[in-house]
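Below: one structure, written as structure tokens.
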Amino acid sequence: MSIVSTAHLRNLEKSLKAQIRSSLEAVHLLLCADVGTEEFAALYKAQRYLRHPSPVMLSLVLRGLITLSETPETARKIPVLLPDIMETLQDANADVKMKALVLLRNMMGHMKREEASVIALQLAEKLLPLFDDVSSQVRELSISFFEGVMKTVVGRNVKKMKKKVQRVLLPLFLHMNDQIESVAKLALLMVSMHPWLVWRPS
């Protein structure tokens, strides 16, 4: 029985590795291929590599995407994946959430300000729950990223963002006493320095 179980586990491991390798290669080819955004979106939706239930698979696919997001040409195609990337922010695995945050930060850094401004409004909603994540690394990165997201907003989106930012004030006040010193310092810095986070009694 144990021999069969061991062989079965080895087969499962080989199968998973093959899936991971295939998915990483496919995502790399899609992003690097000379195709337009709409065509890329259609090709990606046929597989939805970021919807895989395995944290190992998700982590490796995200790692590959992070590498690709460091290049402006490929980073500008990544917004097509935005719904699935945002979905991974709700994953229970801290490593998956950290990689998703880094990927989003890289992507936003290569986008035109007007395009990034629209996405910033969506991201603000998804980042707030991460302020209370069990992982201190996720808390710190999400708070830091939120600051960058606020600075990205321009034009008529500024008023909408200000309303969202007011919801962040109380959580940041609470995290000024976070057990992790780096998180507490970051929360204090944001509350004291950013004009949108100044307390205005009603």
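Identifiers in this document derive from the order of the structure tokens: chains are assigned A, B, ..., residues are numbered from 1 separately in each chain, and ligands are numbered from 1 in order of occurrence.
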- Message: When you look at region 108-119 of chain A with a cut-off of 9 Å (counting only C-alpha atoms), what residues show up, excluding the ones that are within fewer than 5 positions of it in the same chain? I need them as a list in words.
- Response: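 The residues satisfying every condition are Ser69, Glu70, Thr71, Pro72, Glu73, Ala75, Arg76, Pro79, Leu82, Leu103, Ala124, Val149, Met150, Lys151, Thr152, Val153, Val154, Gly155, Asn157 and Val158 of chain A.
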Written selection (N, CA, C and O atoms) as an mmCIF file, in the first residue's frame:
data_model
loop_
_atom_site.group_PDB
_atom_site.id
_atom_site.type_symbol
_atom_site.label_atom_id
_atom_site.label_comp_id
_atom_site.auth_asym_id
_atom_site.auth_seq_id
_atom_site.Cartn_x
_atom_site.Cartn_y
_atom_site.Cartn_z
ATOM 1 N N SER A 69 6.718 41.872 -15.578
ATOM 2 C CA SER A 69 6.186 43.210 -15.297
ATOM 3 C C SER A 69 7.275 44.252 -15.126
ATOM 4 O O SER A 69 6.991 45.444 -15.019
ATOM 5 N N GLU A 70 8.529 43.817 -15.075
ATOM 6 C CA GLU A 70 9.634 44.762 -14.942
ATOM 7 C C GLU A 70 9.991 45.423 -16.270
ATOM 8 O O GLU A 70 10.763 46.381 -16.310
ATOM 9 N N THR A 71 9.414 44.910 -17.356
ATOM 10 C CA THR A 71 9.634 45.474 -18.686
ATOM 11 C C THR A 71 8.393 46.259 -19.108
ATOM 12 O O THR A 71 7.288 45.701 -19.092
ATOM 13 N N PRO A 72 8.531 47.519 -19.480
ATOM 14 C CA PRO A 72 7.356 48.345 -19.815
ATOM 15 C C PRO A 72 6.440 47.732 -20.870
ATOM 16 O O PRO A 72 5.213 47.792 -20.748
ATOM 17 N N GLU A 73 7.013 47.144 -21.914
ATOM 18 C CA GLU A 73 6.200 46.611 -23.015
ATOM 19 C C GLU A 73 5.263 45.514 -22.539
ATOM 20 O O GLU A 73 4.096 45.467 -22.944
ATOM 21 N N ALA A 75 4.558 44.875 -19.229
ATOM 22 C CA ALA A 75 3.800 45.357 -18.069
ATOM 23 C C ALA A 75 2.495 46.016 -18.493
ATOM 24 O O ALA A 75 1.481 45.911 -17.796
ATOM 25 N N ARG A 76 2.501 46.679 -19.655
ATOM 26 C CA ARG A 76 1.297 47.386 -20.111
ATOM 27 C C ARG A 76 0.207 46.443 -20.603
ATOM 28 O O ARG A 76 -0.920 46.879 -20.845
ATOM 29 N N PRO A 79 -2.716 44.702 -17.272
ATOM 30 C CA PRO A 79 -4.054 45.083 -16.818
ATOM 31 C C PRO A 79 -5.180 44.173 -17.316
ATOM 32 O O PRO A 79 -6.239 44.107 -16.689
ATOM 33 N N LEU A 82 -6.122 41.898 -14.645
ATOM 34 C CA LEU A 82 -6.446 42.572 -13.386
ATOM 35 C C LEU A 82 -7.514 41.870 -12.541
ATOM 36 O O LEU A 82 -7.322 41.691 -11.334
ATOM 37 N N LEU A 103 3.407 42.513 -8.097
ATOM 38 C CA LEU A 103 3.034 42.533 -9.512
ATOM 39 C C LEU A 103 2.204 43.770 -9.837
ATOM 40 O O LEU A 103 2.475 44.468 -10.835
ATOM 41 N N ALA A 124 -7.997 50.510 -4.483
ATOM 42 C CA ALA A 124 -8.227 51.050 -3.142
ATOM 43 C C ALA A 124 -9.186 50.161 -2.350
ATOM 44 O O ALA A 124 -8.988 49.921 -1.149
ATOM 45 N N VAL A 149 -0.811 54.331 -4.560
ATOM 46 C CA VAL A 149 -2.068 54.340 -5.312
ATOM 47 C C VAL A 149 -2.745 55.696 -5.192
ATOM 48 O O VAL A 149 -3.272 56.243 -6.171
ATOM 49 N N MET A 150 -2.739 56.283 -3.994
ATOM 50 C CA MET A 150 -3.344 57.603 -3.792
ATOM 51 C C MET A 150 -2.682 58.654 -4.671
ATOM 52 O O MET A 150 -3.345 59.521 -5.240
ATOM 53 N N LYS A 151 -1.359 58.580 -4.771
ATOM 54 C CA LYS A 151 -0.610 59.574 -5.535
ATOM 55 C C LYS A 151 -0.812 59.428 -7.041
ATOM 56 O O LYS A 151 -0.500 60.351 -7.809
ATOM 57 N N THR A 152 -1.321 58.281 -7.452
ATOM 58 C CA THR A 152 -1.502 58.009 -8.879
ATOM 59 C C THR A 152 -2.723 58.713 -9.455
ATOM 60 O O THR A 152 -2.762 59.046 -10.637
ATOM 61 N N VAL A 153 -3.708 58.966 -8.608
ATOM 62 C CA VAL A 153 -5.005 59.473 -9.079
ATOM 63 C C VAL A 153 -4.891 60.901 -9.597
ATOM 64 O O VAL A 153 -4.251 61.756 -8.989
ATOM 65 N N VAL A 154 -5.535 61.139 -10.743
ATOM 66 C CA VAL A 154 -5.562 62.478 -11.344
ATOM 67 C C VAL A 154 -6.968 62.802 -11.840
ATOM 68 O O VAL A 154 -7.830 61.937 -11.946
ATOM 69 N N GLY A 155 -7.175 64.079 -12.161
ATOM 70 C CA GLY A 155 -8.424 64.508 -12.792
ATOM 71 C C GLY A 155 -9.655 64.310 -11.935
ATOM 72 O O GLY A 155 -9.629 64.453 -10.711
ATOM 73 N N ASN A 157 -11.022 61.709 -11.019
ATOM 74 C CA ASN A 157 -10.963 60.567 -10.108
ATOM 75 C C ASN A 157 -10.477 60.958 -8.713
ATOM 76 O O ASN A 157 -10.613 60.183 -7.772
ATOM 77 N N VAL A 158 -9.909 62.158 -8.587
ATOM 78 C CA VAL A 158 -9.385 62.604 -7.296
ATOM 79 C C VAL A 158 -10.495 62.672 -6.253
ATOM 80 O O VAL A 158 -10.338 62.196 -5.122
#
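One finds CA of Lys99 (chain A) at 17.4 Å from CA of Asp132 (chain A).
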- Query: Which one of A:Leu170, A:Phe131, A:Gly64, A:Lys77 sits closest to Val183 (chain A) if you count only C-alpha atoms?
  - Reply: A:Phe131
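Atom pair CA of Arg167 (chain A) / CA of Leu81 (chain A) has a distance of 26.8 Å (rounded to one decimal).
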